[in-house]
Each structure stands twice: as C-alpha cells, then as structure tokens.
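See structure below.
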Amino acid sequence: MATILDGKALSEKIRAGLKEKLDRQMSRGLPRPFLTTMQVGGYLPSTVYIRAKQRACEEIGIGFRHYKLPEETSMDQLREAVSEVNQDSSVHGLLVQSPLPPHLDEIAVQRMVKPEKDVDCFHPENVGLLYIGQPRFQPCTAAGIIELLLAYGYDPAGKHAVIVGRSVIVGRPLAVMMMLKQRGGNATVTVCHSLTRDLPSITRRADVLVPAIGAAEMIRGDWVKEGAIVVDVGINRVPDASKKRGYRLVGDVAFGEVEARAEAIAPVPGGVGPMTVAILATNVMRSAGFDVG
C-alpha cells in the first residue's frame, strides 16, 4: 500500500509554525502581515479558493481583505483598484484571483501588481528571479509540491521527474525549481503537454510523476511504474448523484489503480491544495519582513 502524502496535515504543521513566528516577531515590533485578494466575477471555484486563503490567514493572524468586483469590470477599473492597493503600505501581499473573465488580459493584470507584493509569484520580474535561482517569493503550488516531497523523505535530486502540464501556475515553475541547484532541485525533468507523443511511455519512466492537466483520472495504473512517487495536482469535478453537492472531486490520476503501484501518492483532495495555501501565507509573512526560514 502506497504512503499517502498528507498535504492537509503538513500544511497545518506549517501554519502552526507561522503563527508562532508571527506572534514572537510582532512582539518585537514588526507590523501585522496583510493580504488583499481581488476577484472579478463570481466564478465558484475561485470563491472557494479565496475562502481557504482567508481561513488560513485568520488562523495564523495575518490580516485579510477581499474585494469582489463585478464581472463587467474593465481593465482601467481593475488597474485603478490594483494601483490603490499597491500604494497602501499596510498591505504586504496582493493577489488577483485567476481565472479572469475573457475580456481581461491576464498577463497584463499580473504585471499591474507591484513585484514586492506579488505573493503568487506571477509578475515577470519575480518569474525572472525564480529562473536565475534568486527568488523573491516561491511559486505557491510548485513550492508546495516540493515541500510535500521533502517532508516525506522524497528528495527529487538525481531522480527523473515527469511533469504532465506546462501551465504558468504549476508546470513551468515546478520544472525550473526541480532543475535548479538548490534544495528540492537537481532532478532530471521532462515536461509533457497536449502534443506530447505516446505519453504513457514517458510517464512509465518517471521516478517522480506530477500530473497537472485538469483531466479527470486520465493517468491510469499501467501508466505508472512500480515504486514511483506520484503527486496529483489536478482538481476535477465528476458528477455524482450520491453526493449532496452533486459531484465529487478527483485528481488527474485514477487513484485506486495508481495507489496500488506507487510507493507514495498525494491524494485529491487533501494533497497539494492545502500546501499551496500554506506557501502563500509564508510569502505574505516574508513580504512583511518576517523571518520564516
């Protein structure tokens, strides 16, 4: 039976440590860290993610404010709202929740956020710093994956890591972090995508497999080699009439099939998701000047 990489338990441990550091360092005169989030429209998954971030901030003692803007908000209106928060010295982190409505330019919006407050690590300046190995902040999901692996004793160094997906949120930053000469790095990395030929033949060679494509249970048991470490990043809703909400959450791997072959596996839910929030909170505290290790 595979070891379960319990991101929920680890994130609770990280948050408890952050709370202790916050209380101790605030007593020495540091300001309370503060996160502001913005959401354009009412996309339900975004609302769920923001609530999780709010709960974590409140638990740790980080200040939190959320702005929910109308679906029809223009680029100029959003730029004005972002600029106001950029100029507020009491705010240490600003996050504009993705995805945005199609009429808004997501990359342009990422560039609006002041790099020193870009705790999601999406601004081109922060992406560049990450690529040269001198990050201002850690990309939340990618860093959460690496911390989860290391906490269970699975160092990617010297391993063949296969990442299925090349998004700016997960695939690309994770590939860079796993390649760099640093803690959690030094892996040989293969990045697969929608045009990759014979995907199963590649995933079967992975020591560490990270599916992040948003395709429910696409990775089957026979796509994974015996003893692999699997970190499932996908979050997919599958209709299920037996559930009160009418659906269940599944990852990108067929969990039962893959668990039977893997040495360790991160489940969905309860794996990477909570770790993403823990890293975000760490970034906010770092932005406020706290020593978070």
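Letters for chains follow the order of the structure tokens (A, B, ...), residue numbers begin at 1 for each chain, and ligand numbers begin at 1 in the order shown.
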> Taking the backbone alone, and naming residues the way the document does, which bits of range 170-288 of chain A are strand (DSSP E or B) by DSSP, as a ChimeraX atom specification?
Replying inline: /A:188-192,208-211,219,229-231,236-239,247-250,253,264-266
>> So that I can check the surroundings of range 224-239 of chain A, please list as a ChimeraX atom specification every protein, DNA and RNA residue that reaches within 9 Å of it, counting only C-alpha atoms and ignoring chain neighbours fewer than 6 positions away.
In response: /A:2,5,141,145,148-149,154,170,200,203-217,246-253,258-269,271-273
Take the residues from that selection and write them out as a CSV table (one decimal), in the first residue's frame, keeping N, CA and C atoms.
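Saved to part-v5.csv:
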```csv
chain,number,residue,atom,x,y,z
A,2,ALA,N,0.6,2.2,-0.9
A,2,ALA,CA,1.4,3.4,-1.0
A,2,ALA,C,1.3,4.3,0.2
A,5,LEU,N,0.8,11.0,0.9
A,5,LEU,CA,1.4,12.3,1.1
A,5,LEU,C,0.3,13.3,1.6
A,141,THR,N,2.0,26.8,-5.6
A,141,THR,CA,1.8,25.4,-5.8
A,141,THR,C,3.0,24.6,-6.1
A,145,ILE,N,4.5,21.5,-3.6
A,145,ILE,CA,4.8,20.2,-4.1
A,145,ILE,C,6.1,19.7,-3.6
A,148,LEU,N,6.2,19.1,0.1
A,148,LEU,CA,5.5,17.9,0.5
A,148,LEU,C,6.4,16.7,0.2
A,149,LEU,N,7.1,16.7,-0.9
A,149,LEU,CA,8.0,15.6,-1.2
A,149,LEU,C,9.1,15.5,-0.2
A,154,TYR,N,11.3,12.3,0.2
A,154,TYR,CA,11.5,12.0,-1.2
A,154,TYR,C,12.1,13.2,-1.9
A,170,VAL,N,1.7,25.9,-12.4
A,170,VAL,CA,2.3,24.6,-11.9
A,170,VAL,C,3.5,24.1,-12.8
A,200,PRO,N,2.0,7.7,-22.3
A,200,PRO,CA,2.2,6.7,-21.3
A,200,PRO,C,3.6,6.1,-21.2
A,203,THR,N,5.5,8.7,-19.0
A,203,THR,CA,5.1,8.6,-17.6
A,203,THR,C,5.6,7.4,-16.9
A,204,ARG,N,5.7,6.3,-17.6
A,204,ARG,CA,6.2,5.0,-17.1
A,204,ARG,C,7.7,5.0,-16.7
A,205,ARG,N,8.4,6.0,-17.2
A,205,ARG,CA,9.8,6.1,-16.8
A,205,ARG,C,10.0,7.1,-15.7
A,206,ALA,N,9.0,7.7,-15.1
A,206,ALA,CA,9.1,8.7,-14.1
A,206,ALA,C,9.4,8.1,-12.7
A,207,ASP,N,10.4,8.6,-12.0
A,207,ASP,CA,10.6,8.3,-10.6
A,207,ASP,C,9.6,9.1,-9.8
A,208,VAL,N,9.5,10.4,-10.2
A,208,VAL,CA,8.5,11.3,-9.6
A,208,VAL,C,7.6,11.8,-10.7
A,209,LEU,N,6.3,11.5,-10.6
A,209,LEU,CA,5.3,11.9,-11.6
A,209,LEU,C,4.4,12.9,-11.0
A,210,VAL,N,4.2,14.1,-11.8
A,210,VAL,CA,3.4,15.2,-11.3
A,210,VAL,C,2.4,15.5,-12.4
A,211,PRO,N,1.2,14.9,-12.4
A,211,PRO,CA,0.1,15.3,-13.3
A,211,PRO,C,-0.5,16.6,-12.9
A,212,ALA,N,-0.6,17.5,-13.9
A,212,ALA,CA,-1.2,18.8,-13.6
A,212,ALA,C,-1.9,19.3,-14.8
A,213,ILE,N,-2.9,18.6,-15.3
A,213,ILE,CA,-3.5,18.9,-16.6
A,213,ILE,C,-5.0,19.2,-16.5
A,214,GLY,N,-5.7,18.8,-15.4
A,214,GLY,CA,-7.1,19.0,-15.2
A,214,GLY,C,-7.9,18.1,-16.1
A,215,ALA,N,-7.5,16.8,-16.2
A,215,ALA,CA,-8.2,15.8,-16.9
A,215,ALA,C,-8.5,14.7,-15.9
A,216,ALA,N,-9.8,14.5,-15.6
A,216,ALA,CA,-10.2,13.6,-14.5
A,216,ALA,C,-9.7,12.2,-14.8
A,217,GLU,N,-8.9,11.7,-13.9
A,217,GLU,CA,-8.4,10.3,-13.8
A,217,GLU,C,-7.8,9.8,-15.2
A,246,GLY,N,-23.8,17.0,-5.5
A,246,GLY,CA,-24.0,16.5,-6.9
A,246,GLY,C,-22.7,16.2,-7.6
A,247,TYR,N,-21.6,16.2,-7.0
A,247,TYR,CA,-20.3,15.9,-7.6
A,247,TYR,C,-19.3,15.5,-6.6
A,248,ARG,N,-18.2,14.9,-7.0
A,248,ARG,CA,-17.1,14.6,-6.2
A,248,ARG,C,-15.8,15.1,-6.8
A,249,LEU,N,-14.8,15.3,-6.0
A,249,LEU,CA,-13.6,15.8,-6.5
A,249,LEU,C,-12.6,14.7,-6.8
A,250,VAL,N,-12.0,14.7,-7.9
A,250,VAL,CA,-11.0,13.7,-8.3
A,250,VAL,C,-9.8,14.4,-8.9
A,251,GLY,N,-8.7,13.7,-8.9
A,251,GLY,CA,-7.5,14.2,-9.5
A,251,GLY,C,-7.3,13.8,-10.9
A,252,ASP,N,-6.1,14.0,-11.4
A,252,ASP,CA,-5.7,13.6,-12.8
A,252,ASP,C,-5.3,12.1,-12.9
A,253,VAL,N,-5.2,11.5,-11.7
A,253,VAL,CA,-4.8,10.0,-11.7
A,253,VAL,C,-6.0,9.2,-11.3
A,258,VAL,N,-3.5,3.7,-9.4
A,258,VAL,CA,-2.1,4.2,-9.2
A,258,VAL,C,-1.6,3.9,-7.8
A,259,GLU,N,-2.5,4.0,-6.8
A,259,GLU,CA,-2.0,3.7,-5.4
A,259,GLU,C,-1.5,2.3,-5.3
A,260,ALA,N,-2.0,1.4,-6.1
A,260,ALA,CA,-1.6,0.0,-6.0
A,260,ALA,C,-0.2,-0.2,-6.5
A,261,ARG,N,0.3,0.7,-7.3
A,261,ARG,CA,1.6,0.6,-8.0
A,261,ARG,C,2.7,1.6,-7.4
A,262,ALA,N,2.2,2.7,-6.9
A,262,ALA,CA,3.1,3.7,-6.4
A,262,ALA,C,3.7,3.4,-5.0
A,263,GLU,N,4.9,4.0,-4.8
A,263,GLU,CA,5.4,3.9,-3.4
A,263,GLU,C,4.7,5.0,-2.5
A,264,ALA,N,4.4,6.1,-3.1
A,264,ALA,CA,3.7,7.2,-2.4
A,264,ALA,C,2.9,8.0,-3.4
A,265,ILE,N,1.8,8.6,-2.8
A,265,ILE,CA,0.9,9.3,-3.7
A,265,ILE,C,0.2,10.4,-2.9
A,266,ALA,N,0.1,11.6,-3.5
A,266,ALA,CA,-0.6,12.7,-2.9
A,266,ALA,C,-2.1,12.7,-3.4
A,267,PRO,N,-3.1,12.6,-2.5
A,267,PRO,CA,-4.5,12.4,-2.9
A,267,PRO,C,-5.1,13.8,-3.3
A,268,VAL,N,-6.3,13.7,-3.9
A,268,VAL,CA,-7.1,14.8,-4.2
A,268,VAL,C,-8.5,14.5,-3.7
A,269,PRO,N,-9.0,15.3,-2.8
A,269,PRO,CA,-8.4,16.5,-2.2
A,269,PRO,C,-7.5,16.0,-1.0
A,271,GLY,N,-4.1,16.8,-0.7
A,271,GLY,CA,-2.7,16.7,-1.0
A,271,GLY,C,-2.0,18.1,-1.3
A,272,VAL,N,-2.0,18.5,-2.5
A,272,VAL,CA,-1.3,19.7,-2.9
A,272,VAL,C,-2.1,21.0,-2.5
A,273,GLY,N,-3.4,20.9,-2.6
A,273,GLY,CA,-4.2,22.1,-2.3
A,273,GLY,C,-3.9,22.8,-1.0
```
Using 10 Å as the limit and counting only C-alpha atoms, can you tabulate each residue of range 180-292 of chain A that touches range 87-91 of chain A, with its shortest atom-to-atom distance in Å and the two atoms involved, as JSON lines?
```
{"residue": "A:Val284", "atom": "CA", "partner": "A:Val91", "partner_atom": "CA", "distance": 9.3}
{"residue": "A:Ser287", "atom": "CA", "partner": "A:Val91", "partner_atom": "CA", "distance": 9.4}
{"residue": "A:Ala288", "atom": "CA", "partner": "A:Val91", "partner_atom": "CA", "distance": 8.5}
```
List the neighbours of Ser98 in chain A out to 8 Å using only C-alpha atoms; skip same-chain residues closer than 2 positions along the sequence, and give me the result as a PDB file with N, CA and C atoms, in the first residue's frame.
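Okay, this is what ended up in part-v1.pdb:
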```
ATOM      1  N   GLN A  39     -11.190  39.569  -6.741  1.00  0.00           N
ATOM      2  CA  GLN A  39     -11.869  38.606  -7.595  1.00  0.00           C
ATOM      3  C   GLN A  39     -12.795  39.365  -8.531  1.00  0.00           C
ATOM      4  N   SER A  46     -13.152  29.865  -7.700  1.00  0.00           N
ATOM      5  CA  SER A  46     -12.329  30.962  -7.199  1.00  0.00           C
ATOM      6  C   SER A  46     -12.791  31.395  -5.820  1.00  0.00           C
ATOM      7  N   VAL A  96      -4.577  38.812  -7.349  1.00  0.00           N
ATOM      8  CA  VAL A  96      -5.743  38.929  -8.230  1.00  0.00           C
ATOM      9  C   VAL A  96      -6.078  37.514  -8.685  1.00  0.00           C
ATOM     10  N   LEU A 100      -9.552  35.063 -14.854  1.00  0.00           N
ATOM     11  CA  LEU A 100     -10.284  36.305 -15.033  1.00  0.00           C
ATOM     12  C   LEU A 100     -11.272  36.162 -16.185  1.00  0.00           C
ATOM     13  N   GLU A 106      -4.993  38.637 -18.801  1.00  0.00           N
ATOM     14  CA  GLU A 106      -4.442  38.072 -17.566  1.00  0.00           C
ATOM     15  C   GLU A 106      -2.968  38.446 -17.364  1.00  0.00           C
TER      16      GLU A 106
END
```
> Quick one: residues within 9 Å of Arg79 in chain A, only C-alpha atoms counted, chain neighbours fewer than 5 positions away excluded, as an NGL selection string?
Replying inline: :A and (74 or 84 or 109 or 112-113)
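Using only C-alpha atoms, the shortest contact distance between Thr190 in chain A and any of A:His160, A:Thr37, A:Ile169, A:Lys21 is found at A:His160.
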> Per DSSP on the backbone, what are the helix (DSSP H, G or I) residues of range 19-117 of chain A, as number ranges by chain?
Replying inline: A: 19-26, 44-60, 75-86, 106-112, 115-117
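Between Asn86 in chain A and the candidates A:Thr3, A:Leu69, A:Pro115, A:His103, the tightest atom-to-atom separation, counting only C-alpha atoms, involves A:Pro115.
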> Can you tell me, as JSON, numbers by chain, what residues are no more than 10 Å from Leu30 in chain A when counting only C-alpha atoms, ignoring any on the same chain fewer than 6 positions away?
Replying inline: {"A": [22, 23, 24, 288, 289, 290]}
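Atom to atom, CA of Phe137 in chain A and CA of Phe122 in chain A stand 9.7 Å apart.
Counting from CA of Phe255 in chain A, the distance to CA of Gly185 in chain A is 26.2 Å.
Counting only C-alpha atoms and comparing A:Gly61, A:Asn283, A:Lys13, A:Met177, the residue that lies closest to Met26 in chain A is A:Gly61.
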